[in-house]
>>> print(open('coords.cif').read())   # mmCIF, C-alpha atoms
data_final
#
loop_
_atom_site.label_atom_id
_atom_site.label_comp_id
_atom_site.auth_asym_id
_atom_site.auth_seq_id
_atom_site.Cartn_x
_atom_site.Cartn_y
_atom_site.Cartn_z
CA MET A 1153 -11.27 -127.96 -132.98
CA THR A 1154 -13.19 -126.70 -136.00
CA SER A 1155 -14.60 -129.08 -138.59
CA TRP A 1156 -11.93 -127.98 -141.09
CA GLY A 1157 -9.28 -128.72 -138.49
CA GLN A 1158 -10.76 -132.20 -137.96
CA ILE A 1159 -10.76 -132.85 -141.70
CA ALA A 1160 -7.13 -131.72 -142.01
CA LEU A 1161 -6.10 -133.88 -139.04
CA THR A 1162 -7.91 -136.91 -140.47
CA LEU A 1163 -6.20 -136.51 -143.85
CA ALA A 1164 -2.81 -135.95 -142.20
CA VAL A 1165 -3.04 -139.05 -140.01
CA GLY A 1166 -4.46 -141.17 -142.83
CA GLY A 1167 -1.77 -139.90 -145.19
CA CYS A 1168 1.03 -140.72 -142.74
CA PHE A 1169 -0.24 -144.27 -142.26
CA GLY A 1170 -0.71 -144.64 -146.02
CA TRP A 1171 2.87 -143.50 -146.62
CA LEU A 1172 4.15 -146.05 -144.08
CA MET A 1173 2.15 -148.85 -145.74
CA LEU A 1174 3.48 -147.75 -149.12
CA LYS A 1175 7.04 -148.00 -147.85
CA LYS A 1176 6.30 -151.51 -146.51
CA LYS A 1177 4.84 -152.45 -149.94
CA VAL A 1178 1.50 -153.52 -148.48
CA PRO A 1179 -1.14 -154.25 -151.19
CA ALA A 1180 -3.48 -151.25 -151.69
CA ALA A 1181 -1.11 -149.45 -149.30
CA VAL A 1182 -2.60 -145.95 -149.32
CA LEU A 1183 -6.17 -147.17 -148.89
CA VAL A 1184 -5.29 -149.62 -146.09
CA GLY A 1185 -3.08 -147.08 -144.32
CA ALA A 1186 -5.71 -144.33 -144.54
CA ILE A 1187 -8.34 -146.67 -143.11
CA CYS A 1188 -6.07 -147.75 -140.24
CA GLY A 1189 -4.95 -144.21 -139.40
CA SER A 1190 -8.38 -142.56 -139.50
CA THR A 1191 -9.94 -145.50 -137.63
CA LEU A 1192 -7.41 -145.23 -134.80
CA LEU A 1193 -7.92 -141.47 -134.69
CA ASN A 1194 -11.70 -141.91 -134.48
CA ILE A 1195 -11.58 -144.65 -131.84
CA PHE A 1196 -9.15 -142.91 -129.49
CA THR A 1197 -10.11 -139.26 -129.97
CA GLY A 1198 -13.47 -139.23 -131.77
CA THR A 1199 -12.27 -136.35 -133.95
CA ALA A 1200 -11.98 -138.07 -137.35
CA LEU A 1201 -14.19 -136.31 -139.89
CA MET A 1202 -14.57 -136.26 -143.66
CA PRO A 1203 -17.02 -134.20 -145.76
CA SER A 1204 -19.63 -136.03 -147.79
CA ASN A 1205 -18.24 -134.59 -151.03
CA ALA A 1206 -14.95 -136.42 -150.42
CA LYS A 1207 -16.65 -139.70 -151.30
CA LEU A 1208 -17.95 -138.29 -154.58
CA ALA A 1209 -14.50 -136.90 -155.45
CA ALA A 1210 -12.94 -140.31 -154.78
CA GLN A 1211 -15.57 -142.04 -156.92
CA ILE A 1212 -15.05 -139.67 -159.85
CA THR A 1213 -11.25 -139.97 -159.70
CA THR A 1214 -11.44 -143.76 -159.42
CA GLY A 1215 -13.81 -143.90 -162.38
CA ALA A 1216 -11.44 -141.74 -164.44
CA PHE A 1217 -8.51 -143.99 -163.56
CA LEU A 1218 -10.37 -147.17 -164.51
CA GLY A 1219 -11.76 -145.69 -167.73
CA CYS A 1220 -8.36 -144.41 -168.86
CA GLY A 1221 -6.79 -147.78 -168.08
CA ILE A 1222 -8.27 -149.29 -171.25
CA THR A 1223 -6.37 -148.52 -174.46
CA ARG A 1224 -7.22 -148.94 -178.13
CA ARG A 1225 -4.84 -151.89 -178.25
CA ASP A 1226 -6.93 -153.58 -175.56
CA VAL A 1227 -10.06 -152.98 -177.63
CA ARG A 1228 -8.38 -154.44 -180.74
CA ASN A 1229 -7.36 -157.53 -178.75
CA PHE A 1230 -10.80 -157.98 -177.21
CA PRO A 1231 -12.23 -160.22 -180.00
CA GLN A 1232 -9.53 -162.77 -179.14
CA VAL A 1233 -10.70 -162.97 -175.54
CA ALA A 1234 -14.43 -162.31 -176.01
CA LYS A 1235 -15.56 -165.91 -175.50
CA PRO A 1236 -13.28 -166.62 -172.53
CA PHE A 1237 -14.36 -163.24 -171.11
CA ALA A 1238 -18.03 -164.26 -171.30
CA VAL A 1239 -17.27 -167.51 -169.46
CA VAL A 1240 -15.19 -165.70 -166.82
CA MET A 1241 -17.89 -163.07 -166.20
CA ALA A 1242 -20.65 -165.67 -166.00
CA SER A 1243 -18.63 -167.80 -163.56
CA PHE A 1244 -17.78 -164.80 -161.37
CA LEU A 1245 -21.42 -163.66 -161.28
CA LEU A 1246 -22.58 -167.17 -160.34
CA LEU A 1247 -19.83 -167.47 -157.72
CA ASN A 1248 -20.70 -164.02 -156.39
CA PHE A 1249 -24.32 -165.00 -155.81
CA ILE A 1250 -23.52 -168.41 -154.32
CA THR A 1251 -20.94 -167.13 -151.84
CA GLY A 1252 -22.96 -163.98 -151.21
CA PHE A 1253 -26.09 -165.95 -150.35
CA LEU A 1254 -24.10 -168.33 -148.12
CA ILE A 1255 -22.52 -165.41 -146.26
CA TRP A 1256 -25.93 -163.75 -145.94
CA LYS A 1257 -27.43 -167.01 -144.66
CA PHE A 1258 -24.76 -168.01 -142.15
CA SER A 1259 -23.47 -164.67 -140.86
CA PRO A 1260 -24.98 -161.48 -139.41
CA LEU A 1261 -24.14 -159.51 -142.57
CA ASP A 1262 -27.00 -158.03 -144.59
CA PHE A 1263 -27.68 -158.94 -148.21
CA ILE A 1264 -25.92 -156.11 -150.03
CA THR A 1265 -22.89 -156.28 -147.72
CA SER A 1266 -22.62 -160.01 -148.37
CA MET A 1267 -22.81 -159.49 -152.13
CA LEU A 1268 -20.20 -156.74 -152.17
CA CYS A 1269 -17.89 -158.76 -149.92
CA SER A 1270 -17.97 -161.49 -152.58
CA MET A 1271 -17.64 -159.19 -155.60
CA PRO A 1272 -14.42 -159.66 -157.63
CA GLY A 1273 -13.89 -155.93 -158.05
CA GLY A 1274 -11.05 -153.73 -156.91
CA VAL A 1275 -10.17 -153.48 -153.23
CA SER A 1276 -10.09 -149.69 -153.56
CA ASP A 1277 -13.24 -149.43 -155.68
CA THR A 1278 -15.73 -151.85 -154.13
CA PRO A 1279 -15.94 -149.99 -150.78
CA LEU A 1280 -16.87 -146.83 -152.71
CA ILE A 1281 -19.76 -148.73 -154.26
CA GLY A 1282 -20.67 -149.99 -150.79
CA MET A 1283 -20.96 -146.40 -149.55
CA ASP A 1284 -23.47 -145.64 -152.29
CA MET A 1285 -25.52 -148.80 -151.77
CA GLY A 1286 -25.78 -148.64 -147.98
CA ALA A 1287 -23.50 -151.60 -147.21
CA ASP A 1288 -21.42 -152.13 -144.08
CA VAL A 1289 -18.32 -150.61 -145.67
CA PRO A 1290 -15.69 -151.64 -143.06
CA LYS A 1291 -16.61 -155.31 -143.46
CA VAL A 1292 -16.65 -155.02 -147.25
CA THR A 1293 -13.18 -153.47 -147.13
CA VAL A 1294 -11.72 -156.17 -144.87
CA LEU A 1295 -13.02 -159.06 -146.97
CA GLN A 1296 -11.98 -157.39 -150.23
CA PHE A 1297 -8.49 -156.94 -148.82
CA ILE A 1298 -8.39 -160.61 -147.78
CA ARG A 1299 -9.54 -161.62 -151.28
CA MET A 1300 -6.83 -159.55 -152.96
CA VAL A 1301 -4.03 -160.77 -150.68
CA PHE A 1302 -5.16 -164.36 -151.18
CA GLY A 1303 -5.35 -163.86 -154.96
CA VAL A 1304 -1.78 -162.56 -155.12
CA GLY A 1305 -0.14 -164.49 -152.27
CA ALA A 1306 -1.73 -167.93 -152.05
CA LEU A 1307 -3.72 -168.68 -155.20
CA PRO A 1308 -0.69 -168.75 -157.58
CA GLY A 1309 0.82 -171.53 -155.43
CA ILE A 1310 -2.43 -173.50 -155.65
CA ILE A 1311 -2.46 -173.00 -159.43
CA LEU A 1312 1.09 -174.33 -159.72
CA LEU A 1313 0.21 -177.33 -157.55
CA VAL A 1314 -2.85 -178.21 -159.65
CA ASP A 1315 -0.85 -177.76 -162.87
CA ARG A 1316 1.93 -180.05 -161.64
CA MET A 1317 -0.58 -182.71 -160.59
CA GLU A 1318 -2.18 -182.50 -164.04
CA THR A 1319 1.26 -182.81 -165.68
CA LYS A 1320 1.99 -185.97 -163.66
CA ARG A 1321 -1.33 -187.46 -164.70
CA HIS A 1322 -0.69 -186.62 -168.39
CA PRO A 1323 3.09 -186.54 -168.75
CA GLN A 1324 2.97 -186.61 -172.57
CA GLN A 1325 0.67 -183.62 -172.77
CA GLU A 1326 2.49 -180.58 -174.15
CA VAL A 1327 2.49 -177.51 -171.95
CA GLN A 1328 1.03 -174.57 -173.83
CA VAL A 1329 2.33 -171.08 -173.34
CA SER A 1330 0.16 -168.61 -175.17
CA GLY A 1331 1.06 -165.46 -176.98
CA GLU A 1332 4.06 -163.22 -176.92
CA PRO A 1333 5.97 -161.91 -173.91
CA VAL A 1334 3.74 -160.07 -171.51
CA ALA A 1335 3.75 -156.40 -172.36
CA PRO A 1336 3.52 -153.77 -169.64
CA VAL A 1337 -0.02 -153.48 -168.36
CA ALA A 1338 -2.01 -151.01 -170.41
CA SER A 1339 -2.83 -148.34 -167.91
CA SER A 1340 -2.86 -144.65 -167.43
CA GLU A 1341 -0.31 -145.03 -164.65
CA GLY A 1342 2.63 -144.68 -166.99
CA HIS A 1343 1.10 -141.99 -169.23
CA THR A 1344 3.01 -138.71 -169.23
CA GLY A 1345 0.22 -136.35 -170.19
CA THR A 1346 -0.09 -132.60 -169.80
CA ARG A 1347 -1.99 -130.65 -167.18
CA VAL A 1348 -4.53 -129.67 -169.82
CA SER A 1349 -5.22 -133.29 -170.80
CA LEU A 1350 -5.55 -134.25 -167.13
CA LEU A 1351 -7.93 -131.36 -166.49
CA LEU A 1352 -10.08 -132.28 -169.49
CA THR A 1353 -10.15 -135.91 -168.33
CA LEU A 1354 -11.29 -134.93 -164.84
CA ILE A 1355 -13.96 -132.60 -166.23
CA VAL A 1356 -15.39 -135.39 -168.38
CA ALA A 1357 -15.21 -137.84 -165.48
CA ALA A 1358 -16.93 -135.33 -163.19
CA LEU A 1359 -19.74 -134.84 -165.73
CA GLY A 1360 -20.19 -138.61 -165.82
CA GLY A 1361 -20.10 -138.84 -162.02
CA PHE A 1362 -22.72 -136.11 -161.54
CA PHE A 1363 -24.88 -137.67 -164.25
CA GLY A 1364 -24.65 -141.09 -162.61
CA LYS A 1365 -25.54 -139.64 -159.23
CA TRP A 1366 -28.43 -137.69 -160.73
CA ILE A 1367 -30.08 -140.69 -162.41
CA GLY A 1368 -29.79 -142.65 -159.16
CA VAL A 1369 -28.49 -146.01 -160.40
CA ALA A 1370 -26.38 -148.23 -158.15
CA ALA A 1371 -22.81 -146.91 -157.90
CA GLY A 1372 -23.80 -144.37 -160.54
CA ALA A 1373 -21.06 -141.82 -159.86
CA LEU A 1374 -18.22 -144.32 -160.19
CA THR A 1375 -19.79 -146.28 -163.06
CA PHE A 1376 -20.59 -143.30 -165.29
CA SER A 1377 -17.37 -141.43 -164.58
CA MET A 1378 -15.64 -144.62 -165.75
CA ILE A 1379 -17.84 -144.91 -168.85
CA PHE A 1380 -17.50 -141.23 -169.78
CA SER A 1381 -13.70 -141.37 -169.36
CA LEU A 1382 -13.48 -144.56 -171.43
CA ILE A 1383 -15.52 -143.09 -174.30
CA PHE A 1384 -13.61 -139.81 -174.10
CA LYS A 1385 -10.24 -141.53 -174.35
CA LEU A 1386 -11.08 -144.10 -177.01
CA GLY A 1387 -13.40 -142.03 -179.15
CA LEU A 1388 -12.39 -138.39 -178.81
CA TYR A 1389 -9.16 -137.67 -176.97
CA PRO A 1390 -6.42 -140.35 -176.87
CA LYS A 1391 -4.31 -138.17 -174.53
CA ALA A 1392 -6.84 -138.57 -171.72
CA HIS A 1393 -5.14 -139.93 -168.63
CA CYS A 1394 -5.29 -140.16 -164.85
CA PRO A 1395 -1.88 -140.47 -163.14
CA LEU A 1396 -1.05 -142.79 -160.28
CA TRP A 1397 -0.54 -139.97 -157.78
CA LEU A 1398 -4.14 -138.85 -158.30
CA ARG A 1399 -5.34 -142.42 -157.87
CA ARG A 1400 -3.53 -142.47 -154.52
CA ILE A 1401 -5.26 -139.25 -153.48
CA ALA A 1402 -8.57 -140.93 -154.29
CA GLN A 1403 -7.51 -143.90 -152.16
CA LEU A 1404 -6.61 -141.53 -149.32
CA LEU A 1405 -10.00 -139.83 -149.49
CA SER A 1406 -11.80 -143.16 -149.69
CA GLY A 1407 -9.81 -144.66 -146.82
CA CYS A 1408 -10.41 -141.64 -144.58
CA CYS A 1409 -14.14 -141.69 -145.38
CA ILE A 1410 -14.28 -145.35 -144.37
CA GLY A 1411 -12.09 -145.03 -141.29
CA SER A 1412 -13.88 -141.96 -139.93
CA SER A 1413 -17.14 -143.94 -139.94
CA ILE A 1414 -15.74 -146.87 -137.93
CA ALA A 1415 -16.53 -146.96 -134.21
CA ARG A 1416 -15.32 -149.30 -131.48
CA GLU A 1417 -18.32 -151.62 -131.85
CA ASP A 1418 -17.42 -152.08 -135.52
CA ILE A 1419 -13.98 -153.38 -134.51
CA PHE A 1420 -15.53 -155.96 -132.18
CA GLU A 1421 -17.88 -157.11 -134.96
CA LEU A 1422 -14.94 -158.08 -137.20
CA ARG A 1423 -14.92 -161.47 -135.43
CA PHE A 1424 -18.01 -162.32 -137.47
CA LEU A 1425 -15.92 -162.23 -140.66
CA VAL A 1426 -14.04 -165.49 -140.08
CA LEU A 1427 -16.74 -167.71 -141.61
CA PRO A 1428 -17.47 -165.32 -144.53
CA ALA A 1429 -13.73 -165.18 -145.31
CA LEU A 1430 -13.46 -168.98 -145.36
CA LEU A 1431 -16.53 -169.28 -147.60
CA LEU A 1432 -15.15 -166.63 -149.93
CA LEU A 1433 -11.70 -168.16 -150.28
CA CYS A 1434 -13.02 -171.70 -150.76
CA GLY A 1435 -15.35 -170.43 -153.47
CA TYR A 1436 -12.54 -168.72 -155.33
CA VAL A 1437 -10.30 -171.80 -155.20
CA ILE A 1438 -13.06 -174.06 -156.56
CA ASN A 1439 -13.99 -171.54 -159.25
CA CYS A 1440 -10.35 -171.10 -160.24
CA ILE A 1441 -9.78 -174.84 -160.72
CA VAL A 1442 -13.13 -175.72 -162.36
CA ILE A 1443 -13.43 -172.75 -164.72
CA GLY A 1444 -9.68 -172.81 -165.43
CA ARG A 1445 -10.02 -176.38 -166.68
CA LEU A 1446 -13.05 -175.38 -168.75
CA LEU A 1447 -11.12 -172.53 -170.40
CA HIS A 1448 -8.20 -174.89 -170.99
CA ARG A 1449 -10.36 -177.49 -172.77
CA ALA A 1450 -12.78 -175.18 -174.58
CA PHE A 1451 -10.45 -172.44 -175.83
CA GLY A 1452 -7.01 -174.05 -175.96
CA LEU A 1453 -5.46 -171.97 -173.20
CA SER A 1454 -2.77 -173.58 -171.11
CA LEU A 1455 -4.10 -174.83 -167.78
CA ARG A 1456 -2.08 -172.20 -165.93
CA GLU A 1457 -3.39 -169.42 -168.13
CA GLY A 1458 -6.96 -170.68 -167.77
CA MET A 1459 -6.74 -170.66 -163.97
CA LEU A 1460 -4.99 -167.28 -163.89
CA SER A 1461 -7.83 -165.89 -166.01
CA VAL A 1462 -10.24 -166.50 -163.12
CA SER A 1463 -7.88 -165.34 -160.42
CA PRO A 1464 -9.50 -162.54 -158.37
CA ALA A 1465 -6.35 -160.38 -158.30
CA GLY A 1466 -5.86 -157.26 -160.41
CA ALA A 1467 -4.43 -156.89 -163.91
CA THR A 1468 -1.18 -155.33 -162.71
CA GLU A 1469 -0.58 -158.11 -160.19
CA MET A 1470 -1.44 -160.75 -162.78
CA ALA A 1471 1.20 -159.38 -165.16
CA PHE A 1472 3.95 -160.10 -162.64
CA VAL A 1473 2.47 -163.37 -161.35
CA ALA A 1474 1.96 -164.73 -164.88
CA ALA A 1475 5.52 -163.82 -165.90
CA ASP A 1476 6.91 -165.59 -162.82
CA MET A 1477 4.87 -168.68 -163.69
CA GLY A 1478 6.03 -168.79 -167.31
CA VAL A 1479 2.69 -167.70 -168.81
CA ASN A 1480 3.50 -165.11 -171.47
CA SER A 1481 0.11 -163.91 -172.66
CA PRO A 1482 -0.92 -160.29 -173.23
CA ASN A 1483 -4.47 -161.55 -173.74
CA LEU A 1484 -4.52 -162.58 -170.08
CA ILE A 1485 -3.92 -158.97 -169.05
CA VAL A 1486 -6.61 -157.70 -171.45
CA LEU A 1487 -9.00 -160.27 -169.99
CA GLN A 1488 -8.25 -159.13 -166.44
CA LEU A 1489 -8.70 -155.45 -167.35
CA CYS A 1490 -12.04 -156.14 -169.06
CA ARG A 1491 -13.11 -158.28 -166.10
CA LEU A 1492 -12.50 -155.43 -163.66
CA VAL A 1493 -14.34 -152.83 -165.76
CA GLY A 1494 -17.22 -155.23 -166.46
CA VAL A 1495 -17.63 -156.20 -162.81
CA MET A 1496 -17.64 -152.59 -161.60
CA ALA A 1497 -20.19 -151.53 -164.22
CA ILE A 1498 -22.56 -154.53 -164.25
CA PHE A 1499 -22.57 -156.32 -160.91
CA PRO A 1500 -23.93 -153.45 -158.74
CA GLN A 1501 -26.88 -153.05 -161.12
CA VAL A 1502 -27.64 -156.78 -160.84
CA PHE A 1503 -27.43 -156.61 -157.03
CA GLN A 1504 -29.80 -153.66 -156.94
CA LEU A 1505 -32.29 -155.51 -159.17
CA VAL A 1506 -32.18 -158.57 -156.90
CA MET A 1507 -32.64 -156.36 -153.83
CA ARG A 1508 -35.81 -154.94 -155.36
CA LEU A 1509 -37.11 -158.43 -156.07
CA LEU A 1510 -36.34 -159.57 -152.53
#
>>> encode(input="coords.cif", output="structure tokens")
Amino acid sequence: MTSWGQIALTLAVGGCFGWLMLKKKVPAAVLVGAICGSTLLNIFTGTALMPSNAKLAAQITTGAFLGCGITRRDVRNFPQVAKPFAVVMASFLLLNFITGFLIWKFSPLDFITSMLCSMPGGVSDTPLIGMDMGADVPKVTVLQFIRMVFGVGALPGIILLVDRMETKRHPQQEVQVSGEPVAPVASSEGHTGTRVSLLLTLIVAALGGFFGKWIGVAAGALTFSMIFSLIFKLGLYPKAHCPLWLRRIAQLLSGCCIGSSIAREDIFELRFLVLPALLLLCGYVINCIVIGRLLHRAFGLSLREGMLSVSPAGATEMAFVAADMGVNSPNLIVLQLCRLVGVMAIFPQVFQLVMRLL
């Protein structure tokens, strides 16, 4: 089989598994399915193959999607969440280093892999950064997936339990529900733009991606494609957008790149992730409760809203979770969006600086 045939087969198998995961409504379905499909193909046949440029294309598309996900309304609302945002970012950075160092100390994972496993970024985006920074990408992907599933599936129940315990301790305390009804998450997913606007967006994102790769900073392609797209949309061209179907193509490319690099020995090494996963989840629970209380007392947020603000799930997931929990706050969604963009842009640079010092 030719190399082009191997690439086509890898994409076909990864796409089929991604489609199945999407039908089953698995979180990050296309990415997870593509990883599973291409990994199985590589383990059993050894024919999985992806070109190196596929990673760059996925990074540029992901950066465009993240950059276009911020709207002018989000920017106008940012002053209202600036102080809580600073506290959230500082707590996540501190938590990232504490859990990262513990994982590095008590597991076979190297330093940068441990840090990226603990990073509160996107499950689809963090592995792309790991590829650029030389991390063990399969392990980063597994722990990021566990973090996201825990953030959506288990952490809201813990938040409700803590809130009810607090209500029993202070029964006369009024429950605060901030803001207006939660608006749909500001994102490029629902934007119905033209082919021309999409093409212009991708060109700008590609220029940012190539620039970031050229200057050689950590995760430069993803970071600068995101920054260029954000500036382009907010400052020059409000019609800039990146649709969901293109985001899924980026997830397919990313998943196939990851899966095609996984060998049988990598599967056996997943047993070493039990302790890192426990450390990671315990850290997020403690951070959620402690910093949530701090936000509640310092900035007048309800306790539920404060704890949801430091939940490691995504902005879209938080919109639905918050609504189900009776927290109607558009500022919470803005905070989560800014947290994701800030983490993806800042944390890799901090990790690279620490690596140089070490």
>>> closest_residue(input="coords.cif", among="A:Gly1452, A:Gly1494, A:Val1462, A:Thr1251", to="Leu1430 of chain A", atoms="only C-alpha atoms")
A:Thr1251
>>> residues_around(input="coords.cif", residues="Thr1154 of chain A", least_positions_apart="2", cutoff="12 Å", atoms="all atoms listed in the file", output="number ranges by chain")
A: 1156-1161, 1199-1201
>>> atom_distance(input="coords.cif", atom1="atom CA of Leu1351 of chain A", atom2="atom CA of Arg1224 of chain A")
21.1 Å
>>> closest_residue(input="coords.cif", among="A:Gly1185, A:Gly1166, A:Pro1231, A:Pro1260", to="Pro1428 of chain A", atoms="only C-alpha atoms")
A:Pro1260
>>> closest_residue(input="coords.cif", among="A:Asn1439, A:Ile1281, A:Arg1456, A:Phe1503", to="Val1239 of chain A", atoms="only C-alpha atoms")
A:Asn1439
>>> residues_near_point(input="coords.cif", point="(-11.9, -152.0, -132.9)", cutoff="12 Å", atoms="only C-alpha atoms", output="PyMOL selection string")
chain A and resi 1188+1191-1196+1290+1411+1413-1423
>>> resolve_selection(input="coords.cif", expression="the PyMOL selection byres ((chain A and resi 1407) around 7)", output="VMD selection string")
chain A and resid 1183 to 1184 1186 to 1187 1403 to 1406 1408 to 1411
>>> write_last_selection(input="coords.cif", atoms="C-alpha atoms", output="PDB file, in the coordinates of the input")
ATOM      1  CA  LEU A1183      -6.170-147.170-148.890  1.00  0.00           C
ATOM      2  CA  VAL A1184      -5.290-149.620-146.090  1.00  0.00           C
ATOM      3  CA  ALA A1186      -5.710-144.330-144.540  1.00  0.00           C
ATOM      4  CA  ILE A1187      -8.340-146.670-143.110  1.00  0.00           C
ATOM      5  CA  GLN A1403      -7.510-143.900-152.160  1.00  0.00           C
ATOM      6  CA  LEU A1404      -6.610-141.530-149.320  1.00  0.00           C
ATOM      7  CA  LEU A1405     -10.000-139.830-149.490  1.00  0.00           C
ATOM      8  CA  SER A1406     -11.800-143.160-149.690  1.00  0.00           C
ATOM      9  CA  CYS A1408     -10.410-141.640-144.580  1.00  0.00           C
ATOM     10  CA  CYS A1409     -14.140-141.690-145.380  1.00  0.00           C
ATOM     11  CA  ILE A1410     -14.280-145.350-144.370  1.00  0.00           C
ATOM     12  CA  GLY A1411     -12.090-145.030-141.290  1.00  0.00           C
TER      13      GLY A1411
END
>>> atom_distance(input="coords.cif", atom1="atom CA of Thr1293 of chain A", atom2="atom CA of Phe1237 of chain A")
25.9 Å
>>> closest_residue(input="coords.cif", among="A:Met1507, A:Leu1460, A:Cys1440, A:Ala1373", to="Ala1216 of chain A", atoms="only C-alpha atoms")
A:Ala1373
>>> resolve_selection(input="coords.cif", expression="the PyMOL selection byres ((chain A and resi 1308) around 10)", output="ChimeraX atom specification")
/A:1302-1307,1309-1314,1456,1459-1460,1463,1470,1473-1474,1476-1477
>>> residues_around(input="coords.cif", residues="Arg1508 of chain A", least_positions_apart="3", cutoff="12 Å", atoms="all atoms listed in the file", output="PDB file with C-alpha atoms, keeping the file's coordinate frame")
ATOM      1  CA  PHE A1263     -27.680-158.940-148.210  1.00  0.00           C
ATOM      2  CA  ILE A1264     -25.920-156.110-150.030  1.00  0.00           C
ATOM      3  CA  ALA A1370     -26.380-148.230-158.150  1.00  0.00           C
ATOM      4  CA  GLN A1501     -26.880-153.050-161.120  1.00  0.00           C
ATOM      5  CA  VAL A1502     -27.640-156.780-160.840  1.00  0.00           C
ATOM      6  CA  PHE A1503     -27.430-156.610-157.030  1.00  0.00           C
ATOM      7  CA  GLN A1504     -29.800-153.660-156.940  1.00  0.00           C
ATOM      8  CA  LEU A1505     -32.290-155.510-159.170  1.00  0.00           C
TER       9      LEU A1505
END
>>> resolve_selection(input="coords.cif", expression="the PyMOL selection byres ((chain A and resi 1255) around 12)", output="JSON, numbers by chain")
{"A": [1247, 1248, 1249, 1250, 1251, 1252, 1253, 1254, 1256, 1257, 1258, 1259, 1260, 1261, 1262, 1263, 1264, 1265, 1266, 1267, 1268, 1269, 1270, 1292, 1295, 1424, 1425, 1426, 1427, 1428, 1429, 1430, 1431, 1432, 1433, 1435]}
>>> atom_distance(input="coords.cif", atom1="atom CA of Ser1204 of chain A", atom2="atom CA of Ile1222 of chain A")
29.2 Å
>>> residues_around(input="coords.cif", residues="Met1378 of chain A", least_positions_apart="6", cutoff="8 Å", atoms="only C-alpha atoms", output="tab-separated table (two decimals) with C-alpha atoms, in the coordinates of the input")
chain	number	residue	atom	x	y	z
A	1212	ILE	CA	-15.05	-139.67	-159.85
A	1214	THR	CA	-11.44	-143.76	-159.42
A	1215	GLY	CA	-13.81	-143.90	-162.38
A	1216	ALA	CA	-11.44	-141.74	-164.44
A	1217	PHE	CA	-8.51	-143.99	-163.56
A	1218	LEU	CA	-10.37	-147.17	-164.51
A	1219	GLY	CA	-11.76	-145.69	-167.73
A	1220	CYS	CA	-8.36	-144.41	-168.86
A	1357	ALA	CA	-15.21	-137.84	-165.48
A	1360	GLY	CA	-20.19	-138.61	-165.82
>>> closest_residue(input="coords.cif", among="A:Ile1443, A:Ala1392, A:Leu1354, A:Trp1366", to="Ala1209 of chain A", atoms="all atoms listed in the file")
A:Leu1354
>>> axis_aligned_box(input="coords.cif", around="segment 1208-1222 of chain A", padding_each_side="4 Å", output="AutoDock Vina command-line options")
--center_x -12.4 --center_y -143.1 --center_z -162.9 --size_x 19.2 --size_y 20.4 --size_z 24.7
>>> closest_residue(input="coords.cif", among="A:Arg1225, A:Val1442, A:Leu1492, A:Leu1374", to="Ala1402 of chain A", atoms="only C-alpha atoms")
A:Leu1374
>>> build_atoms(input="coords.cif", residues="segment 1313-1321 of chain A", atoms="N, CA, C and O atoms", output="compact mmCIF listing (two decimals), keeping the file's coordinate frame")
# COMPACT_ATOMS: atom_id res chain seq x y z
N LEU A 1313 0.40 -175.98 -158.07
CA LEU A 1313 0.21 -177.33 -157.55
C LEU A 1313 -0.74 -178.13 -158.42
O LEU A 1313 -0.46 -179.29 -158.79
N VAL A 1314 -1.88 -177.53 -158.79
CA VAL A 1314 -2.85 -178.21 -159.65
C VAL A 1314 -2.24 -178.52 -161.01
O VAL A 1314 -2.43 -179.60 -161.57
N ASP A 1315 -1.48 -177.57 -161.56
CA ASP A 1315 -0.85 -177.76 -162.87
C ASP A 1315 0.17 -178.90 -162.83
O ASP A 1315 0.24 -179.71 -163.76
N ARG A 1316 0.95 -178.97 -161.76
CA ARG A 1316 1.93 -180.05 -161.64
C ARG A 1316 1.25 -181.41 -161.49
O ARG A 1316 1.72 -182.42 -162.05
N MET A 1317 0.16 -181.45 -160.73
CA MET A 1317 -0.58 -182.71 -160.59
C MET A 1317 -1.14 -183.14 -161.93
O MET A 1317 -1.13 -184.33 -162.27
N GLU A 1318 -1.64 -182.19 -162.72
CA GLU A 1318 -2.18 -182.50 -164.04
C GLU A 1318 -1.07 -183.00 -164.97
O GLU A 1318 -1.28 -183.91 -165.77
N THR A 1319 0.12 -182.39 -164.84
CA THR A 1319 1.26 -182.81 -165.68
C THR A 1319 1.68 -184.24 -165.34
O THR A 1319 2.04 -185.02 -166.23
N LYS A 1320 1.64 -184.60 -164.06
CA LYS A 1320 1.99 -185.97 -163.66
C LYS A 1320 0.96 -186.98 -164.18
O LYS A 1320 1.31 -188.09 -164.55
N ARG A 1321 -0.29 -186.56 -164.20
CA ARG A 1321 -1.33 -187.46 -164.70
C ARG A 1321 -1.24 -187.63 -166.21
O ARG A 1321 -1.56 -188.68 -166.75
